[in-house]
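Colleague: Got model.csv for you, CSV, C-alpha atoms and all ligand atoms:
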```csv
chain,number,residue,atom,x,y,z
A,1,MET,CA,0.0,0.0,0.0
A,2,GLU,CA,1.3,3.4,-0.9
A,3,LYS,CA,1.5,5.9,2.0
A,4,GLU,CA,-1.0,8.3,0.3
A,5,ALA,CA,-3.5,5.6,-0.6
A,6,LYS,CA,-7.1,6.0,0.6
A,7,ILE,CA,-7.9,3.2,3.0
A,8,TYR,CA,-11.3,2.3,4.4
A,9,VAL,CA,-11.4,0.3,7.6
A,10,ALA,CA,-14.9,-1.1,8.0
A,11,GLY,CA,-15.7,-1.7,11.7
A,12,HIS,CA,-12.9,0.7,12.9
A,13,ARG,CA,-14.3,0.9,16.4
A,14,GLY,CA,-14.4,-2.9,16.9
A,15,MET,CA,-11.6,-4.9,18.4
A,16,VAL,CA,-10.1,-5.9,15.1
A,17,GLY,CA,-10.8,-2.7,13.2
A,18,SER,CA,-9.3,-0.5,15.9
A,19,ALA,CA,-6.2,-2.7,16.0
A,20,ILE,CA,-5.8,-2.4,12.2
A,21,VAL,CA,-6.2,1.4,12.5
A,22,ARG,CA,-3.5,1.4,15.2
A,23,ALA,CA,-1.2,-0.6,13.0
A,24,LEU,CA,-1.9,1.7,9.9
A,25,LYS,CA,-1.2,4.9,11.9
A,26,ALA,CA,2.0,3.4,13.4
A,27,ARG,CA,3.2,2.8,9.8
A,28,GLY,CA,2.4,6.4,8.8
A,29,PHE,CA,-0.8,5.9,6.8
A,30,THR,CA,-3.0,9.0,7.2
A,31,ASN,CA,-5.6,8.9,4.4
A,32,LEU,CA,-8.0,6.7,6.4
A,33,VAL,CA,-11.8,6.6,5.9
A,34,PHE,CA,-14.2,5.4,8.6
A,35,ARG,CA,-18.0,5.1,9.2
A,36,THR,CA,-19.7,3.9,12.3
A,37,HIS,CA,-22.4,1.4,12.0
A,38,ALA,CA,-24.9,4.2,12.8
A,39,GLU,CA,-23.5,6.3,10.0
A,40,LEU,CA,-23.4,3.5,7.4
A,41,ASP,CA,-25.2,0.2,7.9
A,42,LEU,CA,-23.4,-2.1,5.4
A,43,ARG,CA,-26.5,-4.3,5.3
A,44,ASP,CA,-28.1,-1.4,3.4
A,45,GLN,CA,-27.1,-1.9,-0.3
A,46,ARG,CA,-28.2,1.5,-1.5
A,47,ALA,CA,-26.3,3.3,1.3
A,48,THR,CA,-23.2,1.1,0.8
A,49,ASN,CA,-23.1,1.8,-2.9
A,50,ALA,CA,-23.5,5.5,-2.4
A,51,PHE,CA,-20.6,5.5,0.2
A,52,PHE,CA,-18.2,3.6,-2.2
A,53,GLU,CA,-19.2,5.7,-5.2
A,54,ALA,CA,-18.4,8.9,-3.2
A,55,GLU,CA,-15.2,7.7,-1.4
A,56,ARG,CA,-13.7,5.2,-3.9
A,57,PRO,CA,-11.2,3.8,-1.4
A,58,ASP,CA,-8.0,2.2,-2.9
A,59,TYR,CA,-7.8,-0.4,-0.1
A,60,VAL,CA,-10.5,-1.9,2.2
A,61,PHE,CA,-10.1,-3.8,5.4
A,62,LEU,CA,-13.5,-5.5,6.0
A,63,ALA,CA,-13.6,-5.9,9.8
A,64,ALA,CA,-17.3,-5.0,10.2
A,65,SER,CA,-19.3,-8.0,11.3
A,66,LYS,CA,-22.0,-9.2,13.7
A,67,VAL,CA,-19.9,-11.1,16.2
A,68,GLY,CA,-20.8,-13.2,19.2
A,69,GLY,CA,-20.0,-16.2,21.4
A,70,ILE,CA,-21.6,-19.7,21.3
A,71,ALA,CA,-24.7,-18.5,23.2
A,72,ALA,CA,-25.4,-15.5,20.9
A,73,ASN,CA,-24.8,-17.7,17.8
A,74,SER,CA,-27.1,-20.5,18.9
A,75,GLU,CA,-29.9,-18.1,20.0
A,76,ALA,CA,-29.9,-16.1,16.7
A,77,PRO,CA,-28.6,-18.2,13.8
A,78,ALA,CA,-30.9,-16.4,11.3
A,79,ASP,CA,-29.5,-13.0,12.4
A,80,PHE,CA,-25.9,-14.1,12.2
A,81,LEU,CA,-26.4,-15.5,8.7
A,82,TYR,CA,-28.5,-12.6,7.3
A,83,ASP,CA,-26.6,-9.6,8.8
A,84,ASN,CA,-23.2,-11.0,7.9
A,85,ALA,CA,-24.1,-12.2,4.4
A,86,MET,CA,-25.8,-8.9,3.6
A,87,LEU,CA,-23.0,-6.6,4.8
A,88,GLU,CA,-20.3,-8.7,3.2
A,89,MET,CA,-21.9,-9.0,-0.2
A,90,ASN,CA,-22.8,-5.3,-0.3
A,91,ALA,CA,-19.4,-4.1,0.8
A,92,ILE,CA,-17.3,-6.5,-1.3
A,93,HIS,CA,-19.4,-5.9,-4.4
A,94,ALA,CA,-19.4,-2.1,-4.0
A,95,ALA,CA,-15.7,-2.1,-3.4
A,96,TRP,CA,-15.0,-4.1,-6.6
A,97,LYS,CA,-17.5,-2.0,-8.6
A,98,ASN,CA,-15.8,1.2,-7.5
A,99,GLY,CA,-12.2,0.4,-8.4
A,100,CYS,CA,-10.9,-0.8,-5.0
A,101,ARG,CA,-7.4,-2.2,-5.7
A,102,LYS,CA,-7.3,-4.6,-2.9
A,103,LEU,CA,-9.8,-5.8,-0.2
A,104,LEU,CA,-9.0,-7.9,2.8
A,105,PHE,CA,-12.0,-9.8,4.2
A,106,LEU,CA,-11.9,-11.0,7.8
A,107,GLY,CA,-13.6,-14.3,8.5
A,108,SER,CA,-13.1,-16.7,11.4
A,109,SER,CA,-11.7,-20.2,12.0
A,110,CYS,CA,-15.2,-21.5,12.6
A,111,ILE,CA,-15.5,-21.8,8.8
A,112,TYR,CA,-13.6,-25.0,9.0
A,113,PRO,CA,-15.3,-28.4,9.6
A,114,LYS,CA,-16.2,-29.6,13.1
A,115,PHE,CA,-14.0,-32.6,12.6
A,116,ALA,CA,-11.2,-31.0,10.6
A,117,PRO,CA,-7.6,-32.3,10.9
A,118,GLN,CA,-5.6,-30.6,13.6
A,119,PRO,CA,-3.9,-28.2,13.1
A,120,MET,CA,-6.4,-27.0,10.5
A,121,PRO,CA,-4.9,-26.1,7.1
A,122,GLU,CA,-6.7,-23.6,4.9
A,123,SER,CA,-7.3,-26.5,2.4
A,124,CYS,CA,-9.7,-28.3,4.8
A,125,LEU,CA,-12.5,-25.8,4.0
A,126,LEU,CA,-15.7,-27.4,2.9
A,127,THR,CA,-14.4,-31.0,3.3
A,128,SER,CA,-17.1,-32.0,5.8
A,129,ALA,CA,-19.9,-30.6,8.1
A,130,LEU,CA,-19.6,-27.5,10.2
A,131,GLU,CA,-20.0,-27.1,13.9
A,132,PRO,CA,-23.9,-26.7,14.2
A,133,THR,CA,-23.8,-24.0,17.0
A,134,ASN,CA,-22.4,-21.3,14.8
A,135,GLU,CA,-23.3,-22.7,11.3
A,136,GLY,CA,-25.2,-19.6,10.3
A,137,TYR,CA,-22.2,-17.3,11.0
A,138,ALA,CA,-19.8,-19.7,9.4
A,139,LEU,CA,-21.9,-20.0,6.2
A,140,ALA,CA,-22.0,-16.2,5.9
A,141,LYS,CA,-18.2,-16.1,6.3
A,142,ILE,CA,-17.6,-18.9,3.8
A,143,ALA,CA,-19.8,-16.9,1.3
A,144,GLY,CA,-17.7,-13.8,1.8
A,145,LEU,CA,-14.5,-15.7,1.4
A,146,ARG,CA,-15.7,-17.4,-1.7
A,147,TYR,CA,-17.1,-14.2,-3.2
A,148,CYS,CA,-13.6,-12.7,-2.9
A,149,ALA,CA,-12.1,-15.8,-4.5
A,150,TYR,CA,-14.6,-15.8,-7.3
A,151,LEU,CA,-14.1,-12.1,-8.1
A,152,ARG,CA,-10.4,-12.9,-8.4
A,153,ARG,CA,-11.1,-15.9,-10.6
A,154,GLN,CA,-13.7,-14.2,-12.8
A,155,HIS,CA,-12.6,-10.6,-12.9
A,156,GLY,CA,-9.0,-10.6,-11.6
A,157,ALA,CA,-9.9,-8.6,-8.5
A,158,ASP,CA,-7.0,-8.8,-5.9
A,159,PHE,CA,-9.4,-9.6,-3.0
A,160,VAL,CA,-8.1,-11.8,-0.2
A,161,SER,CA,-9.2,-13.3,3.1
A,162,VAL,CA,-7.8,-13.8,6.6
A,163,MET,CA,-9.2,-16.4,9.0
A,164,PRO,CA,-8.3,-15.7,12.7
A,165,THR,CA,-8.5,-18.0,15.6
A,166,ASN,CA,-9.9,-16.7,19.0
A,167,LEU,CA,-8.8,-13.1,19.4
A,168,TYR,CA,-8.5,-10.9,22.5
A,169,GLY,CA,-7.2,-7.5,23.4
A,170,PRO,CA,-8.2,-3.9,23.7
A,171,ALA,CA,-11.9,-3.1,22.8
A,172,ASP,CA,-13.0,-6.7,23.3
A,173,ASN,CA,-16.7,-7.5,24.1
A,174,TYR,CA,-17.3,-8.3,27.8
A,175,HIS,CA,-21.0,-9.1,27.6
A,176,PRO,CA,-21.8,-11.7,30.4
A,177,GLU,CA,-23.5,-14.1,28.0
A,178,HIS,CA,-22.5,-13.0,24.5
A,179,SER,CA,-18.7,-12.7,24.8
A,180,HIS,CA,-16.0,-15.1,23.8
A,181,VAL,CA,-14.3,-17.4,26.4
A,182,LEU,CA,-11.2,-15.2,27.2
A,183,PRO,CA,-13.0,-11.9,27.8
A,184,ALA,CA,-15.7,-13.8,29.6
A,185,LEU,CA,-13.1,-15.2,32.0
A,186,ILE,CA,-11.5,-11.8,32.6
A,187,ARG,CA,-14.9,-10.4,33.5
A,188,ARG,CA,-15.9,-13.3,35.7
A,189,PHE,CA,-12.7,-13.4,37.7
A,190,HIS,CA,-12.6,-9.6,38.0
A,191,GLU,CA,-16.2,-9.5,39.4
A,192,ALA,CA,-15.5,-12.5,41.7
A,193,LYS,CA,-12.4,-10.7,43.1
A,194,GLU,CA,-14.4,-7.4,43.5
A,195,SER,CA,-17.3,-9.1,45.3
A,196,GLY,CA,-15.1,-11.3,47.5
A,197,ALA,CA,-16.5,-14.5,46.0
A,198,THR,CA,-14.6,-17.6,47.0
A,199,VAL,CA,-15.8,-19.9,44.2
A,200,VAL,CA,-16.0,-19.4,40.4
A,201,THR,CA,-17.6,-22.3,38.5
A,202,CYS,CA,-16.6,-22.9,34.9
A,203,TRP,CA,-18.3,-25.1,32.3
A,204,GLY,CA,-17.0,-28.6,31.5
A,205,ASP,CA,-13.8,-30.2,32.9
A,206,GLY,CA,-11.4,-27.6,31.5
A,207,SER,CA,-9.6,-30.1,29.2
A,208,PRO,CA,-10.4,-28.6,25.7
A,209,LEU,CA,-7.4,-27.1,24.0
A,210,ARG,CA,-7.8,-23.7,22.4
A,211,GLU,CA,-5.6,-21.1,20.6
A,212,PHE,CA,-5.6,-17.4,21.2
A,213,LEU,CA,-4.0,-14.5,19.3
A,214,TYR,CA,-3.5,-11.0,20.5
A,215,VAL,CA,-5.4,-8.6,18.2
A,216,ASP,CA,-2.4,-6.4,17.5
A,217,ASP,CA,-0.5,-9.4,16.2
A,218,LEU,CA,-3.5,-10.1,13.9
A,219,ALA,CA,-3.4,-6.5,12.7
A,220,GLU,CA,0.2,-6.8,11.7
A,221,LEU,CA,-0.6,-10.0,9.8
A,222,CYS,CA,-3.4,-8.1,8.0
A,223,LEU,CA,-1.0,-5.5,6.8
A,224,THR,CA,1.5,-8.1,5.7
A,225,VAL,CA,-1.3,-10.0,3.8
A,226,MET,CA,-2.4,-6.8,2.1
A,227,ASP,CA,1.2,-6.4,0.8
A,228,THR,CA,2.2,-9.9,0.0
A,229,TRP,CA,-0.7,-12.4,-0.5
A,230,HIS,CA,-2.6,-12.8,-3.8
A,231,GLY,CA,-4.3,-16.1,-3.5
A,232,GLU,CA,-7.9,-17.5,-3.6
A,233,GLU,CA,-7.4,-19.4,-0.4
A,234,PRO,CA,-7.5,-17.5,2.9
A,235,VAL,CA,-4.5,-17.0,5.2
A,236,ASN,CA,-5.0,-18.5,8.7
A,237,ALA,CA,-4.1,-16.2,11.7
A,238,GLY,CA,-3.2,-17.9,14.9
A,239,SER,CA,-0.5,-18.0,17.6
A,240,GLY,CA,0.4,-21.6,16.8
A,241,ARG,CA,0.2,-22.3,20.6
A,242,GLU,CA,-2.5,-24.2,22.5
A,243,ILE,CA,-3.6,-24.0,26.1
A,244,SER,CA,-6.2,-26.0,28.0
A,245,ILE,CA,-9.3,-24.0,29.2
A,246,ARG,CA,-8.2,-25.1,32.7
A,247,ALA,CA,-4.7,-23.6,32.4
A,248,LEU,CA,-6.2,-20.5,30.7
A,249,SER,CA,-8.6,-20.0,33.6
A,250,GLU,CA,-5.8,-20.3,36.1
A,251,LEU,CA,-3.7,-17.8,34.1
A,252,VAL,CA,-6.6,-15.3,33.9
A,253,ALA,CA,-7.4,-15.7,37.6
A,254,ARG,CA,-3.7,-15.0,38.5
A,255,THR,CA,-3.5,-12.0,36.2
A,256,VAL,CA,-6.7,-10.5,37.6
A,257,GLY,CA,-5.8,-11.3,41.2
A,258,TYR,CA,-8.6,-13.7,42.0
A,259,LYS,CA,-7.5,-16.0,44.8
A,260,GLY,CA,-10.6,-18.2,45.3
A,261,GLU,CA,-11.4,-21.7,44.1
A,262,ILE,CA,-12.1,-22.6,40.4
A,263,ARG,CA,-14.7,-25.4,40.2
A,264,TRP,CA,-15.6,-27.3,37.1
A,265,ASP,CA,-19.2,-28.2,36.3
A,266,VAL,CA,-18.7,-31.4,34.4
A,267,SER,CA,-22.5,-31.7,33.7
A,268,ARG,CA,-21.9,-28.8,31.2
A,269,PRO,CA,-20.6,-29.6,27.7
A,270,ASN,CA,-16.9,-29.3,26.9
A,271,GLY,CA,-17.1,-28.5,23.3
A,272,THR,CA,-14.6,-29.6,20.6
A,273,PRO,CA,-11.6,-31.2,22.3
A,274,ARG,CA,-9.0,-29.3,20.2
A,275,LYS,CA,-9.0,-26.4,17.8
A,276,LEU,CA,-5.7,-25.2,16.4
A,277,LEU,CA,-5.0,-23.5,13.1
A,278,ASP,CA,-2.1,-24.4,10.8
A,279,ILE,CA,-0.4,-21.1,10.4
A,280,SER,CA,2.4,-22.1,8.0
A,281,ARG,CA,1.1,-19.9,5.3
A,282,ALA,CA,1.1,-16.8,7.5
A,283,LEU,CA,4.6,-17.6,8.7
A,284,SER,CA,5.8,-18.1,5.1
A,285,LEU,CA,4.8,-14.4,4.4
A,286,GLY,CA,7.4,-13.3,7.0
A,287,TRP,CA,5.0,-12.6,9.8
A,288,LYS,CA,5.1,-14.0,13.3
A,289,PRO,CA,3.1,-13.3,16.5
A,290,THR,CA,5.1,-11.5,19.1
A,291,THR,CA,2.8,-11.1,22.1
A,292,SER,CA,2.8,-13.9,24.7
A,293,LEU,CA,-0.5,-15.0,26.2
A,294,GLU,CA,0.7,-13.8,29.6
A,295,ASP,CA,1.6,-10.3,28.3
A,296,GLY,CA,-1.5,-10.2,26.1
A,297,ILE,CA,-3.9,-11.0,29.0
A,298,ARG,CA,-2.1,-8.4,31.2
A,299,LEU,CA,-2.7,-5.8,28.4
A,300,ALA,CA,-6.3,-6.8,27.9
A,301,TYR,CA,-7.0,-6.6,31.6
A,302,ARG,CA,-5.5,-3.2,31.8
A,303,ASP,CA,-7.8,-2.1,28.9
A,304,PHE,CA,-10.8,-3.7,30.7
A,305,LEU,CA,-10.0,-1.6,33.8
A,306,GLU,CA,-9.2,1.6,32.1
A,307,ASN,CA,-12.1,1.8,29.6
A,308,PRO,CA,-15.9,1.6,30.1
A,309,ILE,CA,-16.9,-2.1,29.8
A,310,ARG,CA,-18.0,-2.7,26.3
A,311,THR,CA,-20.9,-5.2,26.5
A,312,GLU,CA,-22.7,-5.0,23.2
A,313,ARG,CA,-22.6,-3.6,19.7
B,401,LIG,N1,-13.4,-11.4,18.2
B,401,LIG,C1,-12.9,-12.6,17.9
B,401,LIG,O1,-12.4,-13.4,18.7
B,401,LIG,C2,-12.7,-13.0,16.4
B,401,LIG,C3,-12.2,-14.2,16.1
B,401,LIG,C4,-12.1,-14.6,14.8
B,401,LIG,C5,-12.5,-13.7,13.8
B,401,LIG,N2,-13.0,-12.5,14.1
B,401,LIG,C6,-13.4,-11.6,13.0
B,401,LIG,O2,-12.9,-10.3,13.0
B,401,LIG,C7,-13.9,-9.4,12.5
B,401,LIG,C8,-14.1,-8.3,13.5
B,401,LIG,O3,-14.4,-8.8,14.8
B,401,LIG,P1,-14.4,-8.0,16.1
B,401,LIG,O4,-14.1,-8.9,17.2
B,401,LIG,O5,-13.5,-6.8,15.9
B,401,LIG,O6,-15.9,-7.5,16.2
B,401,LIG,P2,-16.5,-6.2,17.0
B,401,LIG,O7,-15.5,-5.8,18.0
B,401,LIG,O8,-17.8,-6.6,17.4
B,401,LIG,O9,-16.6,-5.1,15.9
B,401,LIG,C9,-17.5,-5.2,14.9
B,401,LIG,C10,-17.6,-3.9,14.1
B,401,LIG,O10,-18.5,-4.1,13.0
B,401,LIG,C11,-19.3,-3.0,12.9
B,401,LIG,N3,-20.6,-3.4,12.4
B,401,LIG,C12,-21.3,-4.4,12.8
B,401,LIG,N4,-22.4,-4.5,12.0
B,401,LIG,C13,-22.3,-3.5,11.1
B,401,LIG,C14,-23.1,-3.1,10.0
B,401,LIG,N5,-24.3,-3.8,9.7
B,401,LIG,N6,-22.7,-2.1,9.3
B,401,LIG,C15,-21.6,-1.4,9.5
B,401,LIG,N7,-20.8,-1.8,10.5
B,401,LIG,C16,-21.1,-2.8,11.3
B,401,LIG,C17,-19.4,-2.4,14.3
B,401,LIG,O11,-19.6,-1.0,14.2
B,401,LIG,P3,-19.9,0.1,15.4
B,401,LIG,O12,-18.6,0.1,16.2
B,401,LIG,O13,-20.1,1.4,14.8
B,401,LIG,O14,-21.0,-0.5,16.2
B,401,LIG,C18,-18.1,-2.7,15.0
B,401,LIG,O15,-17.1,-1.7,14.8
B,401,LIG,C19,-15.1,-10.2,12.2
B,401,LIG,O16,-15.2,-10.5,10.8
B,401,LIG,C20,-14.9,-11.5,13.0
B,401,LIG,O17,-15.6,-12.6,12.4
B,401,LIG,C21,-13.1,-12.1,15.4
```
What is this structure when it is put down as structure tokens?
Ligand SMILES: NC(=O)c1ccc[n+]([C@@H]2O[C@H](COP(=O)([O-])OP(=O)(O)OC[C@H]3O[C@@H](n4cnc5c(N)ncnc54)[C@H](OP(=O)(O)O)[C@@H]3O)[C@@H](O)[C@H]2O)c1

Modeller:
Amino acid sequence: MEKEAKIYVAGHRGMVGSAIVRALKARGFTNLVFRTHAELDLRDQRATNAFFEAERPDYVFLAASKVGGIAANSEAPADFLYDNAMLEMNAIHAAWKNGCRKLLFLGSSCIYPKFAPQPMPESCLLTSALEPTNEGYALAKIAGLRYCAYLRRQHGADFVSVMPTNLYGPADNYHPEHSHVLPALIRRFHEAKESGATVVTCWGDGSPLREFLYVDDLAELCLTVMDTWHGEEPVNAGSGREISIRALSELVARTVGYKGEIRWDVSRPNGTPRKLLDISRALSLGWKPTTSLEDGIRLAYRDFLENPIRTER
């Protein structure tokens, strides 16, 4: 990307969008375009077309999305499919129609099959059934990814996709039911510490293995992908390191300063035993994650304490 290029970051107030803006500013990009959800609802095709016709950005980071944890996804699969499919199709199509030179679409590792090989390579997409709890969201993300790939194949558009693992960091969502596992643990242990609770009960037995990536590391990868990747397949974004939910809970509790007991409710489901991305492609582009989980959780907790709790979009 040239320093004077006009860059639209869709979803610039979200966790990922705001990290991409930080990374762009740190590298000296100044011609940045933003719209809040209230100013431009990307589900609205007419408004989206009018915005792209007026602004004609050279580059687009599509980090706007309806995002939620397992509970939110299973309660409202229709909303997750409709909202995401509409906003992606409108934004990607309008960007292409209006001369965007490169667009980076953000999806999620939940696009891969429930029983994918571990670690999951990009090539396992659509090889078997999806995890049912977030199927609506995953289908929308697969459509966005494939639409970028088809625009490349049919029209030569240089549109690419990045599929991140679980993310965390500044501007995360701490909604008590609708957040992802790591921010949910930060909030629960913080509240337990504040209220003097002596027991926190977590779901399952704590054995599932999960991967977490600090959002600023993802933003660096997005900038690298914008400059170096020109393929139909997405680029996986992960830390390459796994941790059990039990070890993660203990780490969060230590960081937050909760000293009580952690109990495991084994009558609750564990979820998939292991979910790890194969990040060889991202590493081959010259990127590597630099924030340890310990440092990242410390930074996320500081942001949680310093900023008003963000509970919903
Ligand atoms: N969070 C994770 O752990 C995670 C993991 C893997 C992948 N991802 C992917 O990363 C991307 C961004 O996620 P995030 O965690 O940054 O989400 P987020 O913090 O909830 O931010 C989403 C952003 O999208 C905007 N938005 C939502 N609906 C919109 C609409 N209809 N029109 C215009 N803007 C809209 C919101 O705008 P306002 O701020 O104006 O409300 C917000 O800034 C998503 O594609 C997600 O799938 C996230």

Colleague: Each residue of chain A lying at most 7 Å from ligand LIG 401 (chain B) should get a row with its shortest atom-to-atom pair and the distance in Å to one decimal, counting all atoms listed in the file; could you produce that, ordered by chain and increasing number, as CSV?

Modeller:
```
residue,atom,partner,partner_atom,distance
A:Ala10,CA,B:LIG401,N7,6.4
A:Gly11,CA,B:LIG401,O15,3.4
A:His12,CA,B:LIG401,O15,5.2
A:Arg13,CA,B:LIG401,O15,4.1
A:Gly14,CA,B:LIG401,O9,3.3
A:Met15,CA,B:LIG401,O5,3.7
A:Val16,CA,B:LIG401,O5,3.6
A:Gly17,CA,B:LIG401,O5,5.6
A:Thr36,CA,B:LIG401,O13,3.6
A:His37,CA,B:LIG401,O13,3.6
A:Ala38,CA,B:LIG401,O13,5.9
A:Leu40,CA,B:LIG401,C15,5.6
A:Asp41,CA,B:LIG401,N6,3.7
A:Leu42,CA,B:LIG401,N6,4.0
A:Arg43,CA,B:LIG401,N5,4.9
A:Ala63,CA,B:LIG401,C7,4.4
A:Ala64,CA,B:LIG401,O10,3.2
A:Ser65,CA,B:LIG401,O10,4.3
A:Lys66,CA,B:LIG401,C12,4.9
A:Val67,CA,B:LIG401,O8,5.1
A:Asp83,CA,B:LIG401,N5,6.3
A:Leu87,CA,B:LIG401,N5,5.8
A:Leu106,CA,B:LIG401,O16,4.5
A:Gly107,CA,B:LIG401,O17,4.7
A:Ser108,CA,B:LIG401,C5,3.9
A:Ser109,CA,B:LIG401,C4,6.3
A:Met163,CA,B:LIG401,C5,6.4
A:Pro164,CA,B:LIG401,C4,4.5
A:Thr165,CA,B:LIG401,C4,5.0
A:Asn166,CA,B:LIG401,O1,4.2
A:Leu167,CA,B:LIG401,O1,3.7
A:Tyr168,CA,B:LIG401,O1,6.0
A:Ala171,CA,B:LIG401,O7,6.6
A:Asp172,CA,B:LIG401,O7,5.9
A:Asn173,CA,B:LIG401,O7,6.4
A:His180,CA,B:LIG401,O1,6.5
A:Arg313,CA,B:LIG401,O14,4.9
```

Colleague: Identify which of the residues A:Leu251, A:Cys222, A:Ala85, A:Ala143 lies closest to Leu293 of chain A, counting all atoms listed in the file when measuring atom-to-atom distances.

Modeller: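 Among A:Leu251, A:Cys222, A:Ala85, A:Ala143, it is A:Leu251 that comes nearest to Leu293 of chain A.
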
Colleague: Mind pulling up the distance from atom CA of Gly206 of chain A to atom CA of Ala184 of chain A?

Modeller: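 Between atom CA of Ala184 of chain A and atom CA of Gly206 of chain A the gap is 14.6 Å.
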
Colleague: Using 12 Å as the limit and counting all atoms listed in the file, can you tabulate each residue of segment 161-259 of chain A that touches segment 26-34 of chain A, with its shortest atom-to-atom distance in Å and the two atoms involved, as a Markdown table?

Modeller:
```
| residue | atom | partner | partner_atom | distance |
| --- | --- | --- | --- | --- |
| A:Asp216 | CA | A:Ala26 | CA | 11.5 |
| A:Ala219 | CA | A:Ala26 | CA | 11.3 |
| A:Glu220 | CA | A:Arg27 | CA | 10.2 |
| A:Leu223 | CA | A:Arg27 | CA | 9.8 |
| A:Thr224 | CA | A:Arg27 | CA | 11.8 |
```

Colleague: Could you give me, as a ChimeraX atom specification, the residues within 8 Å of Ala5 of chain A, counting all atoms listed in the file and dropping anything in the same chain fewer than 2 positions from it?

Modeller: /A:1-3,7,29,31,57-59

Colleague: Record the distance separating atom CA of Gln45 of chain A and atom CA of Met89 of chain A, expressed in Å with one decimal.

Modeller: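 Taking atom CA of Gln45 of chain A as the start and atom CA of Met89 of chain A as the end point, the length is 8.8 Å.
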
Colleague: Please write as a list in words the list of polymer residues whose atoms come within 12 Å of (-29.1, -16.4, 20.7), counting all atoms listed in the file and keeping to the coordinates of the file.

Modeller: Val67, Gly68, Gly69, Ile70, Ala71, Ala72, Asn73, Ser74, Glu75, Ala76, Pro77, Ala78, Asp79, Phe80, Thr133, Asn134, Gly136, Tyr137, Glu177, His178 and Ser179 of chain A

Colleague: One number please: atom CA of Pro269 of chain A to atom CA of Glu242 of chain A, in Å, one decimal.

Modeller: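 Going from atom CA of Pro269 of chain A over to atom CA of Glu242 of chain A, I get 19.6 Å.
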
Colleague: Name all residues at most 9 Å from Glu55 of chain A (count only C-alpha atoms; drop same-chain ones fewer than 2 positions away) and give them as JSON, numbers by chain.

Modeller: {"A": [6, 8, 33, 50, 51, 52, 53, 57, 98]}

Colleague: I need the chosen residues saved as an mmCIF file, keeping the file's coordinate frame, with C-alpha atoms.

Modeller:
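Output (again.cif):
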```
data_model
loop_
_atom_site.group_PDB
_atom_site.id
_atom_site.type_symbol
_atom_site.label_atom_id
_atom_site.label_comp_id
_atom_site.auth_asym_id
_atom_site.auth_seq_id
_atom_site.Cartn_x
_atom_site.Cartn_y
_atom_site.Cartn_z
ATOM 1 C CA LYS A 6 -7.100 6.000 0.600
ATOM 2 C CA TYR A 8 -11.300 2.300 4.400
ATOM 3 C CA VAL A 33 -11.800 6.600 5.900
ATOM 4 C CA ALA A 50 -23.500 5.500 -2.400
ATOM 5 C CA PHE A 51 -20.600 5.500 0.200
ATOM 6 C CA PHE A 52 -18.200 3.600 -2.200
ATOM 7 C CA GLU A 53 -19.200 5.700 -5.200
ATOM 8 C CA PRO A 57 -11.200 3.800 -1.400
ATOM 9 C CA ASN A 98 -15.800 1.200 -7.500
#
```

Colleague: Write out as JSON an axis-aligned box for segment 204-216 of chain A: all of its atoms listed in the file, 5 Å added on each side, centre and edge lengths in Å with one decimal.

Modeller:
```
{"center_x": -9.7, "center_y": -18.3, "center_z": 25.2, "size_x": 24.6, "size_y": 33.8, "size_z": 25.4}
```

Colleague: For Pro273 of chain A, which residue out of A:Ala129, A:Ile243, A:Val225, A:Ile20 is the nearest one, using all atoms listed in the file?

Modeller: A:Ile243

Colleague: Rebuild segment 239-248 of chain A to N, CA and C atoms - output it as an mmCIF file, in the frame of the given file, please.

Modeller:
```
data_model
loop_
_atom_site.group_PDB
_atom_site.id
_atom_site.type_symbol
_atom_site.label_atom_id
_atom_site.label_comp_id
_atom_site.auth_asym_id
_atom_site.auth_seq_id
_atom_site.Cartn_x
_atom_site.Cartn_y
_atom_site.Cartn_z
ATOM 1 N N SER A 239 -1.798 -18.155 16.839
ATOM 2 C CA SER A 239 -0.500 -18.000 17.600
ATOM 3 C C SER A 239 0.316 -19.265 17.394
ATOM 4 N N GLY A 240 -0.318 -20.370 16.956
ATOM 5 C CA GLY A 240 0.400 -21.600 16.800
ATOM 6 C C GLY A 240 0.567 -22.335 18.162
ATOM 7 N N ARG A 241 -0.005 -21.744 19.245
ATOM 8 C CA ARG A 241 0.200 -22.300 20.600
ATOM 9 C C ARG A 241 -1.178 -22.661 21.203
ATOM 10 N N GLU A 242 -1.259 -23.833 21.843
ATOM 11 C CA GLU A 242 -2.500 -24.200 22.500
ATOM 12 C C GLU A 242 -2.412 -24.156 23.968
ATOM 13 N N ILE A 243 -3.573 -23.945 24.593
ATOM 14 C CA ILE A 243 -3.600 -24.000 26.100
ATOM 15 C C ILE A 243 -4.950 -24.599 26.454
ATOM 16 N N SER A 244 -4.971 -25.379 27.541
ATOM 17 C CA SER A 244 -6.200 -26.000 28.000
ATOM 18 C C SER A 244 -7.078 -24.863 28.636
ATOM 19 N N ILE A 245 -8.382 -25.033 28.608
ATOM 20 C CA ILE A 245 -9.300 -24.000 29.200
ATOM 21 C C ILE A 245 -8.976 -23.946 30.725
ATOM 22 N N ARG A 246 -8.578 -25.091 31.301
ATOM 23 C CA ARG A 246 -8.200 -25.100 32.700
ATOM 24 C C ARG A 246 -7.005 -24.201 32.990
ATOM 25 N N ALA A 247 -5.942 -24.405 32.194
ATOM 26 C CA ALA A 247 -4.700 -23.600 32.400
ATOM 27 C C ALA A 247 -4.997 -22.128 32.063
ATOM 28 N N LEU A 248 -5.840 -21.888 31.061
ATOM 29 C CA LEU A 248 -6.200 -20.500 30.700
ATOM 30 C C LEU A 248 -6.921 -19.838 31.878
#
```
